[in-house]
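Visitor: One structure is given below, represented as structure tokens, and several questions about it will come after.
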Amino acid sequence: MSAYSTQQKFSYLFPESVAAGAGGAVSLQWAATVGNPFEAERALAFNDALPTLQLLRGVFDPAECGAIIALGNGLDGTAGRVEIGADTYRVSKIVWIEPGEATHWIYHRLGVMFAQANRHYGLELTGLVEALQYTVYGPGQHFDWHIDLGSGQTSARKLSMTVQLSDAGEYSGGALEFINAPSPDTAREIGSATVFPSYLAHRVAPVQTGVRRSLVAWAYGPAFK
């Protein structure tokens, strides 16, 4: 984990309370320990891992990827949608893989991988809320720039994970791309997982040929504050 603390000089320290008097005058109050809000020092924690990706290779072997694909292909799917925006913003097929006797091993494996990746980030994680999402992108299909945080329930997403189920040679295009955080070429290796904070902007570029298959999961935890 790339977290550390240091004494930081603040250009301005916020007041502890703001009150309006009867005449409309605003009164600002600082703690007794604050002599001058323009010359205050406080300990501040930093975490250099927060804008970075983690690549976990070999999360599933090719046979296990094939088993997940067969499982996903055997379930009813639906068109991918976004909360806000036109339907053309996201064009793909998704299938929800629920917990069950035949799928517990997948959940356990991803739970271990989230714990391993989170040693780098140091976030408070609780577990998975949504079922696992099996996603299929065919030629011309894509998911434009977005973040995985949203309103309501999805505001508690902390880490996102995308597992590559297709062999890299089965399709062209369809790269998982990030703004200011380049995705390594090895992210296309079958069975590899890309893990990232859910607030990082990313997209799946249009698939040119073939079919891209992936497994997506989101780790939830207490709200950011």
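Convention: chains lettered A, B, ... in structure tokens order; per-chain residue numbering from 1; ligands numbered from 1 as shown.
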As a ChimeraX atom specification, please: every residue in stretch 10-186 of chain A that a backbone DSSP assignment puts in helix (DSSP H, G or I).

Guide: /A:62-73,87-89,104-121,152-156,168-170,185-186

Visitor: What does the distance from atom CA of A:Glu101 to atom CA of A:Thr162 come to in Å, to one decimal?

Guide: 22.6 Å

Visitor: Taking the chain letters and numbering used in this document, name the residues of chain A that DSSP puts in strand (DSSP E or B), as number ranges by chain.

Guide: A: 3-10, 17-20, 26-29, 40-47, 54-56, 78-79, 90-91, 93-97, 127-128, 132-137, 142-146, 157-164, 171-173, 176-178, 193-197, 202-204, 207-210, 212-220

Visitor: Kindly indicate which residue among A:Phe60, A:Phe114, A:Phe10, A:Phe46 lies nearest to A:Tyr220, using only C-alpha atoms for the distances.

Guide: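 Answer, going by the shortest atom-to-atom distance: A:Phe114.
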
Visitor: Mind checking which residues fall within 10 Å of A:Tyr199, counting only C-alpha atoms, ignoring those fewer than 2 positions away in the same chain, and posting them as a list of chain:residue names?

Guide: A:Leu50, A:Pro51, A:His146, A:Ile147, A:Asp148, A:Leu149, A:Gly150, A:Ser155, A:Arg157, A:Lys158, A:Leu159, A:Ser160, A:Phe196, A:Pro197, A:Ala201, A:His202

Visitor: I'd like the interatomic distance between atom CA of A:Gln133 and atom CA of A:Ser166, to a tenth of an Å.

Guide: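 It comes out at 14.8 Å.
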
Visitor: Mind pulling up the distance from atom CA of A:Leu53 to atom CA of A:Pro99?

Guide: 26.8 Å

Visitor: I want to know what sits within 10 Å of A:Thr186, based on only C-alpha atoms, with residues of the same chain fewer than 3 positions away left out; could you give that as a ChimeraX atom specification?

Guide: /A:55-57,168,183,189-190,192-194

Visitor: Let me make sure I understand: among A:Pro139, A:Pro62, A:Pro184, A:Gly100, which one has the smallest atom-to-atom distance to A:Asp167 if we use only C-alpha atoms?

Guide: A:Pro62

Visitor: Set the distance at 10 Å and use only C-alpha atoms: which residues neighbour A:Leu128 once local chain neighbours fewer than 2 positions away are removed? I'd like the list as a PyMOL selection string.

Guide: chain A and resi 107+110-111+125-126+130-132+157+217-221

Visitor: So that I can see what lies close to stretch 27-34 of chain A, please list as a PDB file with C-alpha atoms, in the first residue's frame the residues with an atom at most 12 Å from it, counting only C-alpha atoms and leaving out residues fewer than 5 positions away in the same chain.

Guide:
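out-v4.pdb, freshly written:
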```
ATOM      1  CA  PHE A  10      -2.264  24.657   4.678  1.00  0.00           C
ATOM      2  CA  TYR A  12      -6.164  28.131   4.585  1.00  0.00           C
ATOM      3  CA  LEU A  13      -7.771  26.018   7.309  1.00  0.00           C
ATOM      4  CA  PHE A  14     -11.569  25.764   7.144  1.00  0.00           C
ATOM      5  CA  PRO A  15     -13.517  27.016  10.186  1.00  0.00           C
ATOM      6  CA  GLU A  16     -15.188  24.461  12.428  1.00  0.00           C
ATOM      7  CA  SER A  17     -18.476  26.357  12.373  1.00  0.00           C
ATOM      8  CA  VAL A  18     -20.176  29.064  10.342  1.00  0.00           C
ATOM      9  CA  ALA A  19     -23.055  31.010  11.842  1.00  0.00           C
ATOM     10  CA  ALA A  20     -25.170  33.953  10.706  1.00  0.00           C
ATOM     11  CA  GLY A  21     -26.027  36.657  13.210  1.00  0.00           C
ATOM     12  CA  ALA A  22     -29.330  38.474  13.529  1.00  0.00           C
ATOM     13  CA  GLU A  39      -0.513  29.606   8.894  1.00  0.00           C
ATOM     14  CA  ALA A  40      -1.719  26.235  10.122  1.00  0.00           C
ATOM     15  CA  GLU A  41       0.013  22.875   9.882  1.00  0.00           C
ATOM     16  CA  ARG A  42      -1.753  19.562  10.186  1.00  0.00           C
TER      17      ARG A  42
END
```

Visitor: Taking only C-alpha atoms into account, which of A:Asn47, A:Ser151, A:Ser11, A:Gln54 comes nearest A:Pro182?

Guide: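 Of A:Asn47, A:Ser151, A:Ser11, A:Gln54, the one nearest A:Pro182, counting only C-alpha atoms, is A:Gln54.
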